[in-house]
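First up is the structure itself, then whatever we jot down about it.
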Amino acid sequence: MAIKFSKNEGRFILTTKDTLYAITVLHGRYLVHTYYGKKRPAPELKFEPCVVSFSPYKAEYGNQYSPDVFFSECSTYGAGDFRPSALRIKNTEGNSVTEFAYKGYKKYKGRHEIPGLPFARVGEDTETLEIKLEDSVSKCELKLFYTVYYEENVITRSMQITNNSKGEVKIEKCMPLCLDLEGYDYDLIKLWGGHCYERNFERTPLCHGTQVISSSRGASSHQFNPFMALCDKKTGNDKGDVYGFNFVFSGSFENSVHVDQMENTRVLVGLGSECFAYTLGPKESFDSPEAVMTYSPDGLNGMSGNFHKFINKYIVPEGALEGHRPVVLNTWEACYFNIDEEKLVAFAKEAAKTGFDMLVMDDGWFGKRNNDKAGLGDWTPNPEKFKNGLGSFIKRVKAEGVQFGIWIEPEMVNPDSDLFRAHPEWCLRCPGREMSLSRDQLVLDMSNPRVVEYLKKAFTDVFEGLEIDYIKWDMNRHLSEVGSAHYGKEKQDEVMYRYVLGVYELCRFFREKFPKTMIEHCSGGGGRYDLGIMQYCSQIWTSDNTYPYSRTPIQYSSLLGYPASVMSCHVSNPGTNMKSLDYRFKVAVGGVLGYELNILTATEEAKKIMAEQVKLYKTFDRLILTGEHYTVIAPVDSRFESHYFINEDRSEILLSYVERKNAGAGKILKLRVRNADKTAVYEDRISGEKCTGKELFDGIEVISEGEADYARLWHFVKI
């Protein structure tokens with residue numbers, strides 16, 4: 001059993017394959033965190049008298065307990081813990097002091113399902129611990145959920161708050177993951193960036209006080225990703241203790257790491273307080289989104305491997321890893337808005353000849369959409385571009401031998417659109433405030449059920465009965481003037497959170513209405529690259545920046561917290577430079593391959609090379625989707641990058657080596673494949689060369705070329 005309770009000690013023990021997590025009920029009342037790390041005999045709970053000056057304590061316990069210095073499973077506001085809190089609730093008396101006492105627990109197979117939100121699916125061995133607490137003043141009941149994914153070394157956490165008072169209470173801060181760790185000798189890893197330079201790796205030592213990683217943009221954002229990690233100072237790719245954290249949510253979030261006066265570390269993951277509040281009437285409940293944590297003693301590769309296995313098995317849409325992903329040709333960078341039926345049928349014909357599986361028609365197919373200033377929100381095909389309608393056009397595309405995909409941006413609207421003219425009140429807006437534009441767009445109020453229902457009907461009317469194989473869902477601006485005409489003033493601070501619930505409602509509609517259609521998500525590239533949206537979308541457009549020197553570090557950092565199966569990587573615009581085309585391909589096969597270029601103007605030589613690339617990719621694409629991934633050389637303070645994928649029985653390996661800009665010639669590097677079968681002999685299907693697993697383990701020696709656009713692949717198979 002993964003979850004045990006010792007009544008004599010008042011201790012919960014949660015175990016995964018390689019880790020142990022311990023909680024103690026102290027004085028029959030307080031949930032105290034005891035241990036999280038490598039599996040070992042259950043640690044003794046040792047509480048030395050440690051109440052320090054200015055730290056509050058209860059008279060009955062004296063120096064045996066103070067919330068200000070002891071480790072907590074759910075720290076609360078205003079009751080003696082002056083560190084950042086996990087939960088703050090304003091009660092019917094008007095103050096926000098929050099204090100919960102332990103009342104009991106239950107454990108069960110499966111998990112607590114979170115209404116309206118994405119959450120990890122259950123497996124055969126999934127178990128959940130549910131701990132019940134009560135606040136005697138606010139009359140609120142709190143349930144903490146710990147769901148154990150044994151094989152993946154992952155524990156997920158969420159909470160449910162129920163108002164049992166006769167009046168209203170307001171949740172002012174909600175952080176479902178609170179973890180206190182001993183000491184502060186850790187480095188913090190975070191992923192920062194912006195549009196076109198998402199998820200840059202940054203590793204910094206912890207310092208006293210609070211470091212915050214957050215988004216207040218209404219989306220998880222390009223600027224800061226919800227993934228973060230804490231690791232020992234000496235942690236590398238394959239050795240060292242690492243704690244990884246993430247949040248199954250696609251809106252504003254707050255992660256924080258606090259080093260306190262005792263020089264211990266508190267980690268919080270959740271909704272925060274700046275962009276979130278939620279009012280509960282009598283008998284109403286609120287369920288938080290789910291947070292995810294893992295631990296590995298095997299360095300960054302070990303932590304990433306835990307997350308990859310967990311996400312592929314329990315987060316991404318069921319069936320997403322079956323078969324082969326289509327290699328798409330997207331029209332955006334080739335045509336932008338300048339599309340019509342005849343041009344795209346010609347694209348389809350050339351795409352099929354070149355070996356692509358699918359043509360994706362990007363923006364410009366609907367309403368008066370000839371540029372980005374008009375038509376967004378009017379989801380009817382443009383009759384001038386598609387004289388016989390979409391159905392006839394799609395049949396012509398498929399007759400050429402490729403599948404068909406289409407672009408949408410359902411959450412947005414142009415002021416110059418029929419939808420806005422008919423329903424200006426359906427946009428996010430605050431009375432008396434001018435509505436800000438971004439990319440000539442306003443934001444539809446997805447917290448309003450009428451808006452969501454309108455979108456369901458609009459897309460049903462245009463897509464039902466059509467043979468659409470793929471939908472690319474885009475979101476090209478963030479939320480400002482966040483107010484809703486649908487709600488009264490007492491609910492306005494819920495709108496940003498409810499907006500995300502509306503997005504998820506529409507996501508579920510697409511999954512249910514068009515179950516055979518694959519969805520790729522995009523937010524100006526990687527602005528919504530998170531576990532919440534991944535439950536509905538098979539893959540995510542990693543970045544609008546497809547320049548290979550830029551993509552290498554973006555893809556490396558993305559793989560720290562997310563599997564390659566969700567990472568959409570395109571070859572774009574090599575021009576007439578065939579060496580650049582080869583290089584761009586070898587960078588792009590770090591994830592799911594696609595192309596973004598004008599196939600009609602490509603040379604015959606380029607089309608021949610692309611056909612060979614697609615054919616080669618299809619010999620190892622399953623390995624990228626389902627194999628284990630390991631970094632060999634990280635492109636962090638390095639001019640080189642190397643990684644490999646390997647399958648479960650160690651019979652197949654895809655090894656990649658990339659030289660970045662200004663790498664320099666003559667440097668000797670060893671590419672060590674630490675998971676190769678040392679007793680085996682492998683053959684590289686690309687070059688025909690043979691080597692032993694021991695040689696792979698010890699490292700393939702390469703000498704840097706130092707020339708622009710150099711990369712190499714090896715596809716080793718046991719013989």
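We label chains A, B, ... in the order they appear in the structure tokens, count residues from 1 in each chain, and number ligands from 1 in the order shown.
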task = Tell me which protein, DNA and RNA residues are within 9 Å of Ile394 in chain A, counting only C-alpha atoms, leaving out same-chain ones fewer than 3 positions away, and put them as a PyMOL selection string.
result = chain A and resi 345+389-391+397-399+403-404+466-468
Restrict the selected residues to N, CA, C and O atoms and save them as an mmCIF file, in the first residue's frame.
data_model
loop_
_atom_site.group_PDB
_atom_site.id
_atom_site.type_symbol
_atom_site.label_atom_id
_atom_site.label_comp_id
_atom_site.auth_asym_id
_atom_site.auth_seq_id
_atom_site.Cartn_x
_atom_site.Cartn_y
_atom_site.Cartn_z
ATOM 1 N N VAL A 345 -5.161 24.198 -52.346
ATOM 2 C CA VAL A 345 -5.209 22.890 -53.002
ATOM 3 C C VAL A 345 -3.863 22.605 -53.671
ATOM 4 O O VAL A 345 -3.358 21.464 -53.638
ATOM 5 N N GLY A 389 -17.769 26.746 -50.284
ATOM 6 C CA GLY A 389 -17.821 26.389 -48.875
ATOM 7 C C GLY A 389 -16.624 25.560 -48.434
ATOM 8 O O GLY A 389 -15.856 25.034 -49.250
ATOM 9 N N LEU A 390 -16.493 25.436 -47.110
ATOM 10 C CA LEU A 390 -15.362 24.683 -46.556
ATOM 11 C C LEU A 390 -15.435 23.202 -46.891
ATOM 12 O O LEU A 390 -14.415 22.552 -47.121
ATOM 13 N N GLY A 391 -16.645 22.639 -46.873
ATOM 14 C CA GLY A 391 -16.784 21.204 -47.108
ATOM 15 C C GLY A 391 -16.209 20.785 -48.439
ATOM 16 O O GLY A 391 -15.448 19.811 -48.543
ATOM 17 N N VAL A 397 -8.790 19.036 -50.806
ATOM 18 C CA VAL A 397 -7.501 18.863 -50.132
ATOM 19 C C VAL A 397 -7.234 17.388 -49.874
ATOM 20 O O VAL A 397 -6.145 16.860 -50.172
ATOM 21 N N LYS A 398 -8.230 16.702 -49.335
ATOM 22 C CA LYS A 398 -8.039 15.289 -48.990
ATOM 23 C C LYS A 398 -7.870 14.424 -50.237
ATOM 24 O O LYS A 398 -7.185 13.393 -50.202
ATOM 25 N N ALA A 399 -8.469 14.839 -51.332
ATOM 26 C CA ALA A 399 -8.317 14.089 -52.580
ATOM 27 C C ALA A 399 -6.875 14.096 -53.072
ATOM 28 O O ALA A 399 -6.461 13.204 -53.837
ATOM 29 N N GLN A 403 -4.189 14.909 -44.939
ATOM 30 C CA GLN A 403 -5.224 15.264 -43.978
ATOM 31 C C GLN A 403 -5.360 16.784 -43.910
ATOM 32 O O GLN A 403 -4.550 17.521 -44.482
ATOM 33 N N PHE A 404 -6.390 17.227 -43.179
ATOM 34 C CA PHE A 404 -6.683 18.666 -43.155
ATOM 35 C C PHE A 404 -6.784 19.181 -41.723
ATOM 36 O O PHE A 404 -7.436 18.578 -40.870
ATOM 37 N N LEU A 466 -17.875 18.207 -41.230
ATOM 38 C CA LEU A 466 -16.666 18.369 -42.031
ATOM 39 C C LEU A 466 -15.584 17.393 -41.568
ATOM 40 O O LEU A 466 -15.516 17.036 -40.394
ATOM 41 N N GLU A 467 -14.736 16.989 -42.497
ATOM 42 C CA GLU A 467 -13.663 16.032 -42.181
ATOM 43 C C GLU A 467 -12.416 16.787 -41.736
ATOM 44 O O GLU A 467 -11.432 16.909 -42.475
ATOM 45 N N ILE A 468 -12.466 17.311 -40.505
ATOM 46 C CA ILE A 468 -11.348 18.073 -39.953
ATOM 47 C C ILE A 468 -10.546 17.152 -39.035
ATOM 48 O O ILE A 468 -11.079 16.583 -38.086
#
Mind dumping a table of every range 294-356 of chain A residue within 12 Å of range 582-593 of chain A, with the nearest atom pair and its distance in Å to one decimal, using only C-alpha atoms, sorted by chain and rising number, as CSV?
residue,atom,partner,partner_atom,distance
A:Leu321,CA,A:Val592,CA,11.4
A:His324,CA,A:Val592,CA,9.9
A:Arg325,CA,A:Val592,CA,7.4
A:Pro326,CA,A:Leu593,CA,8.2
A:Val327,CA,A:Leu593,CA,5.8
A:Val328,CA,A:Leu593,CA,7.5
A:Leu329,CA,A:Leu593,CA,9.7
A:Asn330,CA,A:Leu593,CA,11.4
A:Phe356,CA,A:Leu593,CA,10.2
How would the residues just chosen look if you wrote them out with C-alpha atoms as a PDB file, in the first residue's frame?
ATOM      1  CA  LEU A 321       0.554   8.501 -27.818  1.00  0.00           C
ATOM      2  CA  HIS A 324       2.087   8.255 -35.424  1.00  0.00           C
ATOM      3  CA  ARG A 325       1.620  12.011 -35.202  1.00  0.00           C
ATOM      4  CA  PRO A 326       1.061  13.654 -38.577  1.00  0.00           C
ATOM      5  CA  VAL A 327       3.905  15.687 -40.032  1.00  0.00           C
ATOM      6  CA  VAL A 328       2.108  18.944 -40.801  1.00  0.00           C
ATOM      7  CA  LEU A 329       2.741  21.686 -43.324  1.00  0.00           C
ATOM      8  CA  ASN A 330       1.371  24.939 -41.883  1.00  0.00           C
ATOM      9  CA  PHE A 356       3.796  15.506 -45.485  1.00  0.00           C
TER      10      PHE A 356
END
task = Could you give me the residues within range 229-427 of chain A that DSSP places in helix (DSSP H, G or I), as a VMD selection string?
result = chain A and resid 299 to 314 332 to 335 341 to 354 389 to 399 418 to 422 424 to 426
remark   = Closest of A:Ala348, A:Leu376, A:Ile519, A:Ala708 to Ser580 in chain A, counting only C-alpha atoms, is A:Ala708
request  = Identify, on the basis of only C-alpha atoms, every residue whose closest approach to Ile23 in chain A does not exceed 9 Å; exclude the query and any residue fewer than 2 positions from it along the same chain; express the result as a list in words.
outcome  = Gly10, Arg11, Phe12, Ile13, Leu14, Tyr21, Val25, Leu31, Val32, His33, Thr34, Tyr35, Ser72 and Glu73 of chain A
How close does each residue of range 317-376 of chain A get to range 412-415 of chain A, giving the shortest atom pair and distance in Å to one decimal for every residue with an atom at most 7 Å away, counting only C-alpha atoms, sorted by chain and residue number, as JSON lines?
{"residue": "A:Lys373", "atom": "CA", "partner": "A:Asn414", "partner_atom": "CA", "distance": 6.4}
{"residue": "A:Ala374", "atom": "CA", "partner": "A:Asn414", "partner_atom": "CA", "distance": 5.5}
{"residue": "A:Gly375", "atom": "CA", "partner": "A:Asn414", "partner_atom": "CA", "distance": 6.2}
{"residue": "A:Leu376", "atom": "CA", "partner": "A:Val413", "partner_atom": "CA", "distance": 4.8}
ask   = What lies within 10 Å of Phe245 in chain A using only C-alpha atoms, ignoring chain neighbours under 6 positions off, as a PyMOL selection string?
value = chain A and resi 154-156+177+226-230+255+267-269+291-295+303+307+561
Surrounding residues of Gly502 in chain A excluding itself and chain neighbours under 6 positions, 10 Å, only C-alpha atoms, as a compact mmCIF listing (two decimals) with N, CA, C and O atoms, in the first residue's frame:
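Contents of selection.txt, as written:
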# COMPACT_ATOMS: atom_id res chain seq x y z
N GLY A 116 -15.00 20.86 -12.98
CA GLY A 116 -14.71 22.00 -13.84
C GLY A 116 -13.26 22.19 -14.22
O GLY A 116 -12.95 23.08 -15.02
N LEU A 117 -12.37 21.39 -13.67
CA LEU A 117 -10.94 21.58 -13.88
C LEU A 117 -10.29 20.31 -14.44
O LEU A 117 -10.77 19.20 -14.19
N GLU A 411 -11.15 32.74 -28.18
CA GLU A 411 -11.29 33.60 -27.01
C GLU A 411 -11.24 35.09 -27.33
O GLU A 411 -11.45 35.92 -26.43
N ASP A 445 -15.39 37.50 -22.84
CA ASP A 445 -15.58 37.17 -21.43
C ASP A 445 -15.93 35.69 -21.29
O ASP A 445 -17.09 35.31 -21.28
N MET A 446 -14.89 34.87 -21.20
CA MET A 446 -15.10 33.42 -21.09
C MET A 446 -15.65 33.01 -19.74
O MET A 446 -16.02 31.84 -19.55
N SER A 447 -15.74 33.94 -18.79
CA SER A 447 -16.41 33.62 -17.52
C SER A 447 -17.92 33.64 -17.66
O SER A 447 -18.64 33.15 -16.79
N ASN A 448 -18.41 34.22 -18.76
CA ASN A 448 -19.85 34.34 -19.02
C ASN A 448 -20.34 33.09 -19.74
O ASN A 448 -19.95 32.83 -20.88
N PRO A 449 -21.21 32.30 -19.14
CA PRO A 449 -21.69 31.07 -19.79
C PRO A 449 -22.35 31.32 -21.14
O PRO A 449 -22.30 30.47 -22.03
N VAL A 451 -21.40 33.44 -23.42
CA VAL A 451 -20.33 33.53 -24.42
C VAL A 451 -19.85 32.14 -24.81
O VAL A 451 -19.67 31.83 -25.99
N VAL A 452 -19.62 31.30 -23.82
CA VAL A 452 -19.15 29.94 -24.09
C VAL A 452 -20.17 29.18 -24.92
O VAL A 452 -19.82 28.47 -25.88
N GLU A 453 -21.45 29.31 -24.58
CA GLU A 453 -22.49 28.62 -25.35
C GLU A 453 -22.57 29.14 -26.77
O GLU A 453 -22.81 28.38 -27.72
N ARG A 508 -13.40 21.06 -23.37
CA ARG A 508 -14.12 19.78 -23.22
C ARG A 508 -15.15 19.60 -24.34
O ARG A 508 -15.34 18.48 -24.85
ask   = Counting only C-alpha atoms, what is within 10 Å of Val148 in chain A, bar same-chain residues fewer than 5 positions away, as a ChimeraX atom specification?
value = /A:2-3,14-16,109-111,122,125-129,153-157
task = Might you pull out every residue within 9 Å of His27 in chain A, with only C-alpha atoms counted and same-chain residues fewer than 2 positions away left off, and present them as a list in words?
result =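 Final neighbour list, sorted by chain and number: Val25, Arg29, Tyr30, Tyr61 and Tyr65 of chain A.
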Would you save the residues of that selection, restricted to all heavy atoms, as a compact mmCIF listing (two decimals), in the first residue's frame?
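Once written, part-v5.txt looks like this:
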# COMPACT_ATOMS: atom_id res chain seq x y z
N VAL A 25 0.45 14.18 12.87
CA VAL A 25 -0.58 14.96 13.56
C VAL A 25 -0.06 15.24 14.97
O VAL A 25 0.02 14.35 15.81
CB VAL A 25 -1.92 14.20 13.61
CG1 VAL A 25 -2.99 15.07 14.29
CG2 VAL A 25 -2.37 13.79 12.22
N ARG A 29 -3.89 17.79 16.70
CA ARG A 29 -4.52 18.99 16.15
C ARG A 29 -3.81 19.55 14.92
O ARG A 29 -4.46 19.98 13.98
CB ARG A 29 -4.55 20.05 17.25
CG ARG A 29 -5.12 21.39 16.86
CD ARG A 29 -5.17 22.31 18.06
NE ARG A 29 -5.72 23.61 17.74
CZ ARG A 29 -5.90 24.59 18.63
NH1 ARG A 29 -5.56 24.38 19.90
NH2 ARG A 29 -6.41 25.74 18.26
N TYR A 30 -2.47 19.57 14.95
CA TYR A 30 -1.71 20.27 13.91
C TYR A 30 -1.10 19.28 12.92
O TYR A 30 -0.51 18.28 13.33
CB TYR A 30 -0.60 21.11 14.54
CG TYR A 30 -1.10 22.14 15.51
CD1 TYR A 30 -0.93 21.97 16.89
CD2 TYR A 30 -1.73 23.29 15.05
CE1 TYR A 30 -1.39 22.91 17.78
CE2 TYR A 30 -2.20 24.24 15.94
CZ TYR A 30 -2.03 24.05 17.31
OH TYR A 30 -2.49 25.00 18.20
N TYR A 61 0.60 24.34 25.11
CA TYR A 61 1.72 23.58 24.55
C TYR A 61 3.07 24.22 24.86
O TYR A 61 4.11 23.58 24.64
CB TYR A 61 1.56 23.43 23.03
CG TYR A 61 0.23 22.85 22.63
CD1 TYR A 61 -0.56 23.47 21.68
CD2 TYR A 61 -0.25 21.68 23.23
CE1 TYR A 61 -1.79 22.95 21.31
CE2 TYR A 61 -1.49 21.15 22.88
CZ TYR A 61 -2.25 21.79 21.92
OH TYR A 61 -3.46 21.28 21.57
N TYR A 65 5.35 23.77 20.59
CA TYR A 65 4.83 24.00 19.24
C TYR A 65 4.58 25.49 19.03
O TYR A 65 3.95 26.15 19.85
CB TYR A 65 3.52 23.25 18.99
CG TYR A 65 2.94 23.55 17.62
CD1 TYR A 65 3.48 22.97 16.48
CD2 TYR A 65 1.89 24.44 17.46
CE1 TYR A 65 2.99 23.26 15.22
CE2 TYR A 65 1.38 24.74 16.20
CZ TYR A 65 1.94 24.14 15.08
OH TYR A 65 1.45 24.44 13.84
query = If you measure from CA of Asn237 in chain A to CA of Leu300 in chain A, what distance in Å do you get, rounded to one decimal?
reply =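 For CA of Asn237 in chain A relative to CA of Leu300 in chain A, the distance reads 4.9 Å.
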message = Using only C-alpha atoms, can you tell me which of A:Ser75, A:Asn662, A:Gln441, A:Thr626 comes closest to Glu648 in chain A?
response = A:Thr626
request  = Go ahead and compute the interatomic distance for CA of His423 in chain A and CA of Leu506 in chain A, in Å to one decimal.
outcome  = 19.1 Å
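In terms of minimum interatomic distance to Ile471 in chain A, A:Glu520 ranks closest within A:Glu520, A:Glu604, A:Glu490, A:Glu113, counting only C-alpha atoms.
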Could you produce a table of the residues of range 98-145 of chain A lying within 9 Å of range 312-320 of chain A, with the nearest pair of atoms per residue and their separation in Å rounded to one decimal, using only C-alpha atoms, ordered by chain and increasing residue number, as a tab-separated table?
residue	atom	partner	partner_atom	distance
A:Pro118	CA	A:Ile315	CA	8.5
A:Phe119	CA	A:Ile315	CA	7.2
A:Ala120	CA	A:Tyr314	CA	5.1
A:Arg121	CA	A:Tyr314	CA	4.8
A:Val122	CA	A:Tyr314	CA	6.9
A:Gly123	CA	A:Tyr314	CA	7.8
request  = Determine the nearest neighbour of Ile700 in chain A from the options A:Thr576, A:Gln613, A:Ser642, A:Gln160, counting only C-alpha atoms.
outcome  =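 Of A:Thr576, A:Gln613, A:Ser642, A:Gln160, the one nearest Ile700 in chain A is A:Ser642, counting only C-alpha atoms.
Shortest separation to Trp365 in chain A among A:Gln261, A:Thr552, A:Ser6, A:Thr380 occurs at residue A:Thr380, atoms counted being only C-alpha atoms.
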ask   = What is the distance, in Å and to one decimal place, between CA of Thr279 in chain A and CA of Phe100 in chain A?
value = 18.6 Å
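For the choices A:Gly299, A:Gly483, A:Pro383, A:Pro289, the atom-to-atom distance to Glu425 in chain A is smallest for A:Gly483 when using only C-alpha atoms.
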